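Student: Contents of coords_13.txt (compact mmCIF, C-alpha atoms) are given next:
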```txt
# COMPACT_ATOMS: atom_id res chain seq x y z
CA MET W 17 49.58 75.86 114.07
CA SER W 18 48.83 79.49 114.85
CA LYS W 19 46.66 80.36 117.81
CA PRO W 20 42.95 81.06 117.34
CA ILE W 21 42.19 84.79 117.26
CA ILE W 22 39.52 86.38 119.44
CA ALA W 23 37.82 89.75 119.07
CA THR W 24 35.42 91.24 121.60
CA THR W 25 33.18 94.28 121.76
CA SER W 26 30.60 95.92 123.98
CA LEU W 27 27.54 97.30 122.17
CA ALA W 28 24.57 98.45 124.26
CA GLY W 29 25.98 96.79 127.37
CA CYS W 30 27.59 97.86 130.63
CA PHE W 31 30.98 96.13 130.22
CA GLY W 32 29.91 93.72 132.96
CA CYS W 33 30.39 90.77 130.61
CA HIS W 34 33.93 91.90 129.85
CA MET W 35 34.50 92.15 133.60
CA SER W 36 33.24 88.59 133.86
CA VAL W 37 35.83 87.52 131.28
CA LEU W 38 38.48 88.98 133.59
CA ASP W 39 36.83 87.08 136.43
CA ILE W 40 38.43 83.86 135.14
CA ASP W 41 41.27 84.98 137.44
CA GLU W 42 44.62 83.25 136.95
CA ARG W 43 43.24 81.26 134.04
CA ILE W 44 43.79 84.43 132.04
CA LEU W 45 47.43 83.31 131.76
CA GLU W 46 46.24 80.03 130.25
CA LEU W 47 43.96 81.99 127.94
CA ILE W 48 46.84 84.04 126.61
CA GLU W 49 48.65 80.76 125.87
CA LEU W 50 45.57 79.43 124.07
CA VAL W 51 44.48 82.42 121.99
CA GLU W 52 45.52 85.72 120.50
CA PHE W 53 43.38 88.85 120.89
CA ASN W 54 42.60 91.22 118.02
CA LYS W 55 40.06 94.07 118.10
CA SER W 56 38.97 94.23 121.73
CA PRO W 57 38.79 96.69 124.63
CA ILE W 58 40.99 94.23 126.53
CA ASP W 59 44.10 95.01 124.43
CA ASP W 60 42.73 98.31 123.08
CA ILE W 61 43.09 97.35 119.41
CA LYS W 62 40.50 99.63 117.76
CA LYS W 63 40.32 98.16 114.27
CA PHE W 64 40.37 94.63 112.88
CA THR W 65 43.84 93.89 111.55
CA LYS W 66 43.05 90.35 110.43
CA LYS W 67 40.33 87.72 110.17
CA CYS W 68 39.31 86.37 113.57
CA ASP W 69 38.05 82.98 114.64
CA ILE W 70 35.79 83.95 117.52
CA GLY W 71 33.91 87.19 118.16
CA LEU W 72 32.40 87.78 121.59
CA ILE W 73 29.52 90.26 121.52
CA GLU W 74 28.35 91.96 124.69
CA GLY W 75 25.19 94.09 124.56
CA GLY W 76 22.33 94.44 122.10
CA CYS W 77 21.84 97.02 119.36
CA CYS W 78 20.33 100.32 120.46
CA ASN W 79 21.80 102.64 117.82
CA SER W 80 23.18 102.71 114.28
CA GLU W 81 26.77 102.44 115.47
CA ASN W 82 26.01 99.20 117.33
CA VAL W 83 24.55 97.75 114.13
CA HIS W 84 27.61 98.87 112.15
CA VAL W 85 30.05 97.32 114.62
CA LEU W 86 28.03 94.11 114.83
CA LYS W 87 27.98 93.72 111.04
CA GLU W 88 31.72 94.38 110.98
CA PHE W 89 32.19 91.60 113.53
CA ARG W 90 30.10 89.25 111.43
CA GLU W 91 32.29 89.99 108.43
CA HIS W 92 35.56 89.47 110.29
CA CYS W 93 34.74 86.57 112.62
CA ARG W 94 34.13 82.96 111.77
CA ILE W 95 32.09 82.34 114.91
CA LEU W 96 30.03 84.94 116.73
CA VAL W 97 28.93 84.43 120.32
CA SER W 98 26.24 86.50 122.05
CA VAL W 99 27.55 86.96 125.58
CA GLY W 100 25.03 87.98 128.25
CA GLU W 101 21.37 88.87 128.45
CA CYS W 102 21.70 92.20 126.61
CA ALA W 103 23.17 90.57 123.51
CA ILE W 104 20.64 87.74 123.71
CA MET W 105 17.42 89.65 124.35
CA GLY W 106 18.26 93.36 124.68
CA GLY W 107 18.55 93.18 128.45
CA LEU W 108 18.02 96.24 130.59
CA PRO W 109 18.36 98.71 127.68
CA ALA W 110 15.41 96.92 126.07
CA MET W 111 13.19 98.05 128.94
CA ARG W 112 12.69 101.16 126.82
CA ASN W 113 11.13 99.08 124.06
CA GLY W 114 7.62 99.81 125.25
CA ILE W 115 8.22 103.57 125.35
CA PRO W 116 8.12 105.75 122.20
CA ILE W 117 11.56 107.10 121.26
CA ARG W 118 10.44 110.75 121.52
CA GLU W 119 9.24 110.17 125.08
CA CYS W 120 12.61 108.56 125.98
CA LEU W 121 14.60 111.50 124.61
CA GLU W 122 12.34 114.08 126.23
CA GLU W 123 12.65 112.33 129.55
CA ALA W 124 16.43 112.17 129.24
CA TYR W 125 17.09 115.72 127.97
CA LEU W 126 14.08 117.89 128.84
CA ASN W 127 11.72 116.63 131.51
CA GLY W 128 13.65 114.16 133.66
CA PRO W 129 14.25 114.98 137.34
CA THR W 130 18.04 115.02 136.84
CA VAL W 131 18.03 117.37 133.83
CA VAL W 132 19.97 120.58 134.53
CA ALA W 133 21.21 123.48 132.40
CA ASN W 134 19.44 122.66 129.15
CA GLU W 135 18.02 126.16 128.73
CA ASN W 136 17.64 125.96 124.98
CA GLU W 137 15.76 122.70 125.33
CA ILE W 138 18.02 120.85 122.91
CA ILE W 139 17.81 117.15 122.23
CA PRO W 140 21.27 116.22 120.85
CA ASN W 141 20.95 115.70 117.11
CA ASP W 142 24.44 116.19 115.68
CA PRO W 143 25.09 114.17 112.49
CA GLU W 144 28.23 112.85 114.21
CA LEU W 145 26.11 111.10 116.79
CA PRO W 146 24.78 107.59 116.09
CA MET W 147 21.03 107.49 115.55
CA LEU W 148 18.98 105.73 118.22
CA LEU W 149 16.98 102.80 116.86
CA ASP W 150 13.23 102.58 117.37
CA ARG W 151 13.87 99.87 119.94
CA VAL W 152 16.74 97.75 121.25
CA TYR W 153 17.37 94.66 119.12
CA PRO W 154 18.86 91.35 120.23
CA CYS W 155 22.04 90.67 118.21
CA HIS W 156 20.62 87.59 116.51
CA GLU W 157 17.84 89.70 115.00
CA ILE W 158 20.49 91.77 113.15
CA VAL W 159 23.11 89.17 112.08
CA LYS W 160 23.48 85.43 112.41
CA ILE W 161 24.82 84.48 115.84
CA ASP W 162 26.32 81.03 116.30
CA TYR W 163 26.31 80.55 120.06
CA PHE W 164 24.66 82.10 123.11
CA LEU W 165 25.96 82.41 126.66
CA PRO W 166 23.21 83.62 129.01
CA GLY W 167 23.74 85.39 132.30
CA CYS W 168 23.91 88.89 133.69
CA PRO W 169 26.82 88.61 133.49
CA PRO W 170 27.49 85.05 132.31
CA ARG W 171 29.50 83.36 135.05
CA ALA W 172 33.25 83.44 134.41
CA ASP W 173 33.27 79.63 134.47
CA LEU W 174 30.66 79.55 131.71
CA ILE W 175 32.68 81.90 129.50
CA TRP W 176 35.85 79.95 130.22
CA GLU W 177 34.28 76.57 129.48
CA ALA W 178 32.72 77.90 126.27
CA LEU W 179 35.97 79.43 125.05
CA VAL W 180 38.00 76.32 125.82
CA ALA W 181 35.36 74.16 124.13
CA LEU W 182 35.40 76.36 121.02
CA VAL W 183 39.19 76.53 120.83
CA THR W 184 39.84 72.86 121.52
CA GLY W 185 36.81 71.51 119.69
CA ASN W 186 35.70 69.47 122.68
CA GLU W 187 32.21 69.36 124.09
CA MET W 188 31.38 72.00 126.68
CA LYS W 189 31.01 71.13 130.35
CA LEU W 190 27.91 72.85 131.65
CA PRO W 191 27.39 72.45 135.41
CA TYR W 192 23.95 73.57 136.61
CA GLU W 193 25.25 76.40 138.84
CA VAL W 194 26.98 78.30 136.04
CA PHE W 195 23.95 78.45 133.77
CA LYS W 196 21.87 81.41 134.98
CA TYR W 197 19.88 84.26 133.47
CA ASP W 198 20.82 86.80 136.15
CA MET R 18 -11.97 46.96 142.52
CA ASN R 19 -8.23 46.99 143.06
CA GLN R 20 -7.13 50.23 144.65
CA PHE R 21 -3.73 50.25 142.93
CA VAL R 22 -2.92 50.46 139.25
CA ARG R 23 0.24 49.56 137.38
CA PHE R 24 1.53 51.65 134.48
CA THR R 25 4.83 52.59 132.86
CA ILE R 26 6.60 55.92 132.38
CA ASP R 27 9.30 55.78 129.70
CA GLY R 28 9.40 52.03 130.23
CA THR R 29 9.80 52.18 134.01
CA GLU R 30 7.25 50.13 135.92
CA CYS R 31 5.24 52.37 138.24
CA MET R 32 2.41 51.95 140.69
CA ALA R 33 -0.11 54.45 142.03
CA THR R 34 -3.52 54.80 143.57
CA ARG R 35 -6.36 54.56 141.07
CA GLY R 36 -7.67 57.95 139.98
CA GLN R 37 -4.59 59.93 140.95
CA TYR R 38 -3.57 62.56 138.43
CA LEU R 39 -0.57 61.52 136.35
CA VAL R 40 1.61 64.34 137.73
CA ASP R 41 1.04 63.14 141.30
CA ALA R 42 1.32 59.47 140.38
CA ALA R 43 4.65 60.14 138.67
CA ARG R 44 5.90 62.14 141.67
CA GLU R 45 5.18 59.22 143.99
CA ASN R 46 7.31 57.08 141.72
CA GLY R 47 10.18 59.56 141.81
CA ILE R 48 9.54 60.86 138.29
CA PHE R 49 9.29 64.57 137.60
CA ILE R 50 6.75 65.83 135.12
CA PRO R 51 7.24 69.61 134.82
CA THR R 52 4.24 71.82 135.61
CA LEU R 53 3.58 75.55 135.64
CA CYS R 54 -0.12 76.30 135.99
CA ASN R 55 -0.67 73.36 138.34
CA PHE R 56 -0.67 74.01 142.08
CA PRO R 57 -1.13 71.47 144.87
CA GLY R 58 -4.49 71.74 146.56
CA VAL R 59 -6.47 73.38 143.78
CA LYS R 60 -8.30 71.86 140.86
CA PRO R 61 -5.92 71.42 137.88
CA LYS R 62 -6.54 73.57 134.81
CA GLY R 63 -4.32 72.01 132.15
CA SER R 64 -3.83 75.43 130.60
CA CYS R 65 -0.06 75.81 130.24
CA ARG R 66 0.50 72.39 128.55
CA ILE R 67 4.01 72.06 130.01
CA CYS R 68 3.02 68.75 131.59
CA SER R 69 1.99 67.24 128.26
CA VAL R 70 2.86 63.56 128.02
CA LYS R 71 1.96 60.88 125.52
CA VAL R 72 -0.49 58.38 126.99
CA ASN R 73 -0.62 55.27 124.79
CA GLY R 74 0.62 57.48 121.95
CA LYS R 75 -1.81 60.34 122.47
CA LEU R 76 -0.87 63.78 123.82
CA MET R 77 -2.53 64.60 127.15
CA THR R 78 -1.89 66.97 130.03
CA ALA R 79 -0.57 65.00 132.98
CA CYS R 80 -2.08 67.37 135.54
CA THR R 81 -5.66 66.66 134.45
CA THR R 82 -5.46 63.01 133.37
CA PRO R 83 -6.20 60.37 136.03
CA VAL R 84 -3.93 57.36 135.98
CA ALA R 85 -5.40 54.06 134.78
CA GLU R 86 -4.27 50.45 134.65
CA GLY R 87 -1.75 49.61 131.95
CA MET R 88 -1.08 53.14 130.68
CA ASN R 89 2.11 53.56 128.67
CA ILE R 90 3.36 57.06 129.33
CA GLU R 91 6.04 58.86 127.37
CA ASN R 92 7.58 61.64 129.44
CA GLU R 93 11.17 62.26 128.40
CA SER R 94 11.20 61.43 124.71
CA LYS R 95 12.79 63.85 122.27
CA GLU R 96 9.39 64.89 120.93
CA ILE R 97 7.94 65.71 124.37
CA THR R 98 11.09 67.54 125.45
CA GLU R 99 11.07 69.65 122.30
CA LEU R 100 7.40 70.43 122.81
CA ARG R 101 8.00 71.57 126.39
CA LYS R 102 11.00 73.63 125.38
CA SER R 103 9.00 75.43 122.73
CA ILE R 104 6.24 76.23 125.24
CA ILE R 105 8.82 77.72 127.63
CA GLU R 106 10.45 79.69 124.81
CA LEU R 107 7.07 81.01 123.67
CA LEU R 108 6.29 82.15 127.22
CA PHE R 109 9.63 83.97 127.36
CA VAL R 110 9.16 85.85 124.07
CA GLU R 111 5.46 86.53 124.61
CA GLY R 112 5.99 88.69 127.72
CA ASN R 113 8.75 90.97 128.96
CA HIS R 114 10.88 88.68 131.11
CA PHE R 115 13.94 90.68 132.16
CA CYS R 116 15.45 88.17 134.56
CA PRO R 117 18.36 90.37 135.70
CA ALA R 118 15.88 93.01 136.92
CA CYS R 119 13.32 90.68 138.47
CA GLU R 120 12.88 90.23 142.22
CA LYS R 121 11.74 86.66 141.68
CA SER R 122 14.84 85.62 139.73
CA GLY R 123 16.30 82.47 141.26
CA ASN R 124 12.94 81.56 142.76
CA CYS R 125 11.01 81.69 139.49
CA GLU R 126 9.52 78.46 138.16
CA LEU R 127 9.50 79.57 134.53
CA GLN R 128 13.18 80.45 134.76
CA ALA R 129 13.95 77.23 136.62
CA LEU R 130 12.28 75.19 133.88
CA ALA R 131 14.30 77.05 131.26
CA TYR R 132 17.46 76.18 133.23
CA ARG R 133 16.41 72.56 133.47
CA PHE R 134 15.85 72.34 129.75
CA GLY R 135 19.10 74.23 129.04
CA ILE R 136 17.49 76.93 126.95
CA MET R 137 20.26 79.30 125.84
CA VAL R 138 18.01 81.52 123.75
CA PRO R 139 14.38 81.30 122.59
CA ARG R 140 14.19 80.37 118.91
CA PHE R 141 11.21 82.73 118.40
CA PRO R 142 11.45 86.53 117.97
CA PHE R 143 10.92 88.59 121.10
CA GLN R 144 7.58 90.39 121.01
CA PHE R 145 8.28 93.15 123.56
CA PRO R 146 4.55 93.71 124.17
CA HIS R 147 3.46 97.02 125.68
CA ARG R 148 2.28 96.17 129.16
CA SER R 149 1.92 98.17 132.35
CA VAL R 150 2.83 97.75 135.99
CA ASP R 151 -0.09 98.19 138.36
CA ALA R 152 1.08 99.42 141.76
CA SER R 153 -2.29 100.80 142.87
CA HIS R 154 -2.90 98.19 145.56
CA PRO R 155 -1.39 99.18 148.94
CA ARG R 156 0.18 95.77 149.54
CA ILE R 157 1.23 94.37 146.19
CA ILE R 158 2.59 95.28 142.77
CA LYS R 159 1.03 93.51 139.81
CA ASP R 160 3.52 93.48 136.93
CA HIS R 161 1.65 92.54 133.76
CA ASN R 162 4.95 92.28 131.84
CA ARG R 163 5.78 89.04 133.62
CA CYS R 164 2.32 87.46 133.95
CA ILE R 165 1.88 84.13 132.15
CA LEU R 166 -1.89 83.99 132.86
CA CYS R 167 -1.67 80.64 134.67
CA LYS R 168 -4.58 81.62 136.94
CA ARG R 169 -2.83 80.21 139.99
CA CYS R 170 -3.51 83.36 142.04
CA ILE R 171 -7.14 83.44 140.93
CA ARG R 172 -7.64 79.83 141.98
CA VAL R 173 -5.65 79.85 145.24
CA ILE R 174 -6.12 83.29 146.81
CA THR R 175 -9.68 83.54 148.09
CA ASP R 176 -11.43 85.38 150.90
CA GLU R 177 -13.22 83.68 153.79
CA SER R 178 -16.31 82.94 151.72
CA GLY R 179 -14.28 81.44 148.89
CA ARG R 180 -14.44 84.34 146.46
CA SER R 181 -11.33 84.91 144.32
CA ILE R 182 -9.50 88.11 145.17
CA PHE R 183 -7.72 88.10 141.81
CA ALA R 184 -9.65 88.18 138.54
CA TYR R 185 -9.25 88.30 134.78
CA ARG R 186 -9.87 91.62 133.08
CA LYS R 187 -10.33 92.28 129.35
CA ARG R 188 -10.34 89.53 126.75
CA GLY R 189 -8.24 87.83 124.11
CA ILE R 190 -4.70 89.09 123.66
CA GLY R 191 -5.36 91.98 126.09
CA VAL R 192 -6.39 89.79 129.01
CA GLU R 193 -4.68 90.52 132.32
CA VAL R 194 -4.91 89.40 135.93
CA VAL R 195 -5.89 92.14 138.38
CA VAL R 196 -6.95 92.46 141.99
CA ASP R 197 -10.74 92.54 142.10
CA PRO R 198 -11.44 96.17 143.09
CA LYS R 199 -14.34 95.15 145.33
CA LEU R 200 -12.39 92.46 147.20
CA GLY R 201 -8.97 94.15 147.18
CA LYS R 202 -9.33 95.26 150.80
CA GLN R 203 -9.47 91.63 151.91
CA LEU R 204 -5.95 90.96 150.66
CA THR R 205 -4.28 90.77 154.06
CA GLU R 206 -0.52 90.90 154.55
CA GLU R 207 -0.52 87.14 154.91
CA LEU R 208 -2.56 86.61 151.74
CA ALA R 209 -0.38 89.05 149.82
CA GLN R 210 2.71 87.03 150.72
CA LYS R 211 0.89 83.84 149.79
CA ALA R 212 -0.05 85.36 146.43
CA MET R 213 3.58 86.21 145.76
CA ASP R 214 4.64 82.67 146.65
CA VAL R 215 1.88 81.10 144.56
CA CYS R 216 2.87 83.11 141.48
CA PRO R 217 5.25 80.95 139.42
CA VAL R 218 6.90 84.07 137.95
CA GLY R 219 7.53 87.57 139.34
CA SER R 220 4.17 89.04 138.43
CA ILE R 221 2.88 89.48 142.00
CA LEU R 222 5.30 91.21 144.34
CA VAL R 223 4.80 92.26 147.94
CA LYS R 224 5.58 95.96 148.31
CA GLU R 225 8.49 97.35 150.31
CA LYS R 226 10.32 94.06 150.25
CA GLY R 227 12.56 92.33 147.76
CA PHE R 228 15.84 90.61 147.05
CA ASN R 229 15.88 89.32 150.64
CA ILE R 230 17.51 86.00 149.75
CA PRO R 231 21.12 86.41 148.58
CA ILE R 232 22.26 85.05 145.22
CA GLY R 233 23.51 81.52 145.71
CA GLU R 234 20.86 80.65 148.30
CA ARG R 235 17.75 81.04 146.20
CA ARG R 236 15.50 78.10 145.49
CA TYR R 237 16.87 77.12 142.09
CA ASP R 238 20.45 78.42 142.39
CA LYS R 239 22.09 75.10 143.13
CA VAL R 240 19.62 72.39 142.19
CA PRO R 241 17.31 72.09 139.19
CA ILE R 242 13.55 72.22 139.59
CA GLY R 243 12.20 68.72 140.11
CA SER R 244 15.38 67.30 141.60
CA ASP R 245 13.64 66.98 144.98
CA ILE R 246 11.19 64.59 143.34
CA GLU R 247 13.89 62.66 141.47
CA ASN R 248 15.95 62.25 144.64
CA LEU R 249 13.06 60.75 146.60
CA GLN R 250 13.85 57.36 148.05
CA ILE R 251 11.22 55.09 146.55
CA THR R 252 10.51 51.72 148.06
CA LYS R 253 9.46 49.47 145.23
CA ILE R 254 6.73 47.07 146.09
```
Please express what this file holds, its structure, as structure tokens.
Tutor:
Amino acid sequence: MSKPIIATTSLAGCFGCHMSVLDIDERILELIELVEFNKSPIDDIKKFTKKCDIGLIEGGCCNSENVHVLKEFREHCRILVSVGECAIMGGLPAMRNGIPIRECLEEAYLNGPTVVANENEIIPNDPELPMLLDRVYPCHEIVKIDYFLPGCPPRADLIWEALVALVTGNEMKLPYEVFKYD
Amino acid sequence: MNQFVRFTIDGTECMATRGQYLVDAARENGIFIPTLCNFPGVKPKGSCRICSVKVNGKLMTACTTPVAEGMNIENESKEITELRKSIIELLFVEGNHFCPACEKSGNCELQALAYRFGIMVPRFPFQFPHRSVDASHPRIIKDHNRCILCKRCIRVITDESGRSIFAYRKRGIGVEVVVDPKLGKQLTEELAQKAMDVCPVGSILVKEKGFNIPIGERRYDKVPIGSDIENLQITKI
């Protein structure tokens, strides 16, 4: 039997959840025995080359590119997992949800205390750039998500247990200490 | 009249003093009934409904119902657990609860209850309401994003003549808890700390202080809320 295939991505996240995947330490050798990676920053494969079994999503959707990537993951992965608070509820990027988009952009590019050398007062608007969404959306409000792993980041043990449970089809062990929202 | 009453919780024989509230009676029998708006020492409100139990088949709040002889109480049935979970989930989506950025994370009762019930994600859509942070008081920050309107601070924090230092402002969906502008000066350093401790979430924060307990040593890092009650050594009579 061929190994299950995993894809991962970071949308509006900080890559902390990916770091937490690496935090499984030497078990990463076991992981490589258990699964094969496809599109993921971990092996730097940029495009899906085949159908995957599990997609790990870090981060919520703050722009059109995030939505595009997320939908692509839904198409190519049998099981999608929201990993971390940002994917589950928007997380820190969603703190802008109460602020109108124009105000956010003006603060970032025109009025903010760290703005320098923007003499022409330009807010970047190139068609090449992804459009910002009106607010940050949790992944499950865009596509169907099958499982959720909370934490900021989710503890490495939680990610490990979840992956092993998914791959082996056994029930997940969930000790109290690994299940946290922060 | 006999001072003690006998009753059952999920089939377990229990005994308590007549007139005790169900939450307290259960605690004395080593059974945890989750609460949020309830606080020891002040009159119960029964507003958050987390402590709902079925008494002889009827839903009641355990913090306001006195125990009586022969009650059959349902506390951990599937129906009650689902009900409590949905209340917690609704509280999470109704406000802006960004746990990773909250000073109270790890010591927060709402979060601890969510851990206890194993809530991975609320099943309701997040509302992201527009709420403000009021930092006008010299001693505390009142973050309306996190407030669950349990009224604990209003009921517990009072001045010497018993007047509440915190108060409700506005009505309906816009209601918020604020420091009474006339009594604000009486919020001493000690009272401000007490207010922060009384708050079940991170809505009241003492200024110029925060994150002083390291991760791993906070109240609910290692043990679930209520485990102190469940681990009580009960001598059965």
Student: Just give me the gap between atom CA of Ile232 of chain R and atom CA of Ser122 of chain R in Å, one decimal is fine.
Tutor: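 Atom-to-atom, atom CA of Ile232 of chain R and atom CA of Ser122 of chain R are spaced 9.2 Å apart.
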Student: Using all atoms listed in the file and a distance of at most 10 Å, pull out the residues of chain W that contact chain R, as a PDB file with C-alpha atoms, in the coordinates of the input.
Tutor:
```pdb
ATOM      1  CA  SER W  98      26.240  86.500 122.050  1.00  0.00           C
ATOM      2  CA  GLU W 101      21.370  88.870 128.450  1.00  0.00           C
ATOM      3  CA  CYS W 102      21.700  92.200 126.610  1.00  0.00           C
ATOM      4  CA  ILE W 104      20.640  87.740 123.710  1.00  0.00           C
ATOM      5  CA  MET W 105      17.420  89.650 124.350  1.00  0.00           C
ATOM      6  CA  GLY W 106      18.260  93.360 124.680  1.00  0.00           C
ATOM      7  CA  GLY W 107      18.550  93.180 128.450  1.00  0.00           C
ATOM      8  CA  LEU W 108      18.020  96.240 130.590  1.00  0.00           C
ATOM      9  CA  ALA W 110      15.410  96.920 126.070  1.00  0.00           C
ATOM     10  CA  MET W 111      13.190  98.050 128.940  1.00  0.00           C
ATOM     11  CA  ARG W 112      12.690 101.160 126.820  1.00  0.00           C
ATOM     12  CA  ASN W 113      11.130  99.080 124.060  1.00  0.00           C
ATOM     13  CA  GLY W 114       7.620  99.810 125.250  1.00  0.00           C
ATOM     14  CA  ILE W 115       8.220 103.570 125.350  1.00  0.00           C
ATOM     15  CA  ARG W 151      13.870  99.870 119.940  1.00  0.00           C
ATOM     16  CA  VAL W 152      16.740  97.750 121.250  1.00  0.00           C
ATOM     17  CA  TYR W 153      17.370  94.660 119.120  1.00  0.00           C
ATOM     18  CA  PRO W 154      18.860  91.350 120.230  1.00  0.00           C
ATOM     19  CA  HIS W 156      20.620  87.590 116.510  1.00  0.00           C
ATOM     20  CA  GLU W 157      17.840  89.700 115.000  1.00  0.00           C
ATOM     21  CA  TYR W 163      26.310  80.550 120.060  1.00  0.00           C
ATOM     22  CA  PHE W 164      24.660  82.100 123.110  1.00  0.00           C
ATOM     23  CA  LEU W 165      25.960  82.410 126.660  1.00  0.00           C
ATOM     24  CA  PRO W 166      23.210  83.620 129.010  1.00  0.00           C
ATOM     25  CA  GLY W 167      23.740  85.390 132.300  1.00  0.00           C
ATOM     26  CA  CYS W 168      23.910  88.890 133.690  1.00  0.00           C
ATOM     27  CA  PRO W 169      26.820  88.610 133.490  1.00  0.00           C
ATOM     28  CA  LEU W 190      27.910  72.850 131.650  1.00  0.00           C
ATOM     29  CA  PRO W 191      27.390  72.450 135.410  1.00  0.00           C
ATOM     30  CA  TYR W 192      23.950  73.570 136.610  1.00  0.00           C
ATOM     31  CA  GLU W 193      25.250  76.400 138.840  1.00  0.00           C
ATOM     32  CA  VAL W 194      26.980  78.300 136.040  1.00  0.00           C
ATOM     33  CA  PHE W 195      23.950  78.450 133.770  1.00  0.00           C
ATOM     34  CA  LYS W 196      21.870  81.410 134.980  1.00  0.00           C
ATOM     35  CA  TYR W 197      19.880  84.260 133.470  1.00  0.00           C
ATOM     36  CA  ASP W 198      20.820  86.800 136.150  1.00  0.00           C
TER      37      ASP W 198
END
```
Student: Got a sec to check which residues sit within 9 Å of (-6.3, 100.4, 142.7), counting only C-alpha atoms, and write them as a ChimeraX atom specification?
Tutor: /R:151-155,196,198,201
Student: For the point (35.6, 84.6, 120.5) in file coordinates, what residues are within 8 Å, counting only C-alpha atoms? Give the answer as a short mmCIF file (atom, residue, chain, number, x, y, z; two decimals) with C-alpha atoms, keeping the file's coordinate frame?
Tutor:
```cif
data_model
loop_
_atom_site.label_atom_id
_atom_site.label_comp_id
_atom_site.auth_asym_id
_atom_site.auth_seq_id
_atom_site.Cartn_x
_atom_site.Cartn_y
_atom_site.Cartn_z
CA ILE W 21 42.19 84.79 117.26
CA ILE W 22 39.52 86.38 119.44
CA ALA W 23 37.82 89.75 119.07
CA THR W 24 35.42 91.24 121.60
CA ASP W 69 38.05 82.98 114.64
CA ILE W 70 35.79 83.95 117.52
CA GLY W 71 33.91 87.19 118.16
CA LEU W 72 32.40 87.78 121.59
CA ILE W 95 32.09 82.34 114.91
CA LEU W 96 30.03 84.94 116.73
CA VAL W 97 28.93 84.43 120.32
CA LEU W 179 35.97 79.43 125.05
#
```
Student: Between atom CA of Lys189 of chain W and atom CA of Trp176 of chain W, what distance in Å does the model show, to one decimal?
Tutor: 10.1 Å
Student: When you draw a straight line from atom CA of Glu111 of chain R to atom CA of Lys62 of chain R, how long is it in Å?
Tutor: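 Distance reported for this atom pair: 20.4 Å.
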Student: Taking into account all atoms listed in the file, which residue in the set W:Glu122, W:Glu135, W:Glu81, W:Glu88 is nearest to Lys55 of chain W?
Tutor: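 For Lys55 of chain W, the nearest of the given residues is W:Glu88.
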Student: Which one of W:Leu145, W:Leu121, W:Val159, W:Ala133 sits closest to Gly76 of chain W if you count all atoms listed in the file?
Tutor: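 Closest candidate: W:Val159.
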Student: If you count all atoms listed in the file, which residues fall within 10 Å of Leu208 of chain R, apart from same-chain ones fewer than 2 positions away, as a ChimeraX atom specification?
Tutor: /R:156,173-176,182,203-206,210-214
Student: Would you compute the box with edges along x, y and z of the file around segment 113-121 of chain W, including every atom the file lists for it and 8 Å extra on each side, and give its centre and edge lengths in Å to one decimal, as JSON?
Tutor:
```
{"center_x": 11.1, "center_y": 105.3, "center_z": 123.6, "size_x": 23.0, "size_y": 28.4, "size_z": 20.7}
```
Student: So, with only C-alpha atoms as the atoms that count, which of W:Ile139, W:Met188, W:Cys155, W:Val132 lies closest to Asp173 of chain W?
Tutor: W:Met188
Student: Name the closest residue to Pro109 of chain W among the candidates W:Pro57, W:Pro129, W:Gly29, W:Pro20; distances are taken between atoms, counting only C-alpha atoms.
Tutor: W:Gly29
Student: Compile the contact shell of Val218 of chain R as a ChimeraX atom specification: residues with an atom at most 8 Å away, counting all atoms listed in the file, same-chain residues fewer than 5 positions apart removed.
Tutor: /R:121,125-128,163-165
Student: Please export segment 72-80 of chain W as a short mmCIF file (atom, residue, chain, number, x, y, z; two decimals), in the first residue's frame, restricted to N, CA and C atoms.
Tutor:
```cif
data_model
loop_
_atom_site.label_atom_id
_atom_site.label_comp_id
_atom_site.auth_asym_id
_atom_site.auth_seq_id
_atom_site.Cartn_x
_atom_site.Cartn_y
_atom_site.Cartn_z
N LEU W 72 -3.11 20.17 5.57
CA LEU W 72 -3.05 20.94 6.82
C LEU W 72 -3.06 22.42 6.46
N ILE W 73 -4.03 23.15 7.01
CA ILE W 73 -4.16 24.57 6.69
C ILE W 73 -3.78 25.40 7.90
N GLU W 74 -2.79 26.24 7.74
CA GLU W 74 -2.45 27.20 8.79
C GLU W 74 -2.94 28.57 8.32
N GLY W 75 -3.52 29.35 9.23
CA GLY W 75 -3.94 30.71 8.90
C GLY W 75 -5.32 30.79 8.30
N GLY W 76 -5.96 31.96 8.50
CA GLY W 76 -7.28 32.20 7.93
C GLY W 76 -7.16 32.84 6.57
N CYS W 77 -8.28 33.37 6.05
CA CYS W 77 -8.28 33.98 4.73
C CYS W 77 -8.41 35.49 4.85
N CYS W 78 -7.34 36.22 4.50
CA CYS W 78 -7.41 37.67 4.58
C CYS W 78 -7.39 38.31 3.19
N ASN W 79 -7.02 37.53 2.14
CA ASN W 79 -7.05 38.11 0.80
C ASN W 79 -7.47 37.08 -0.23
N SER W 80 -7.62 37.55 -1.49
CA SER W 80 -8.16 36.68 -2.53
C SER W 80 -7.25 35.49 -2.82
#
```
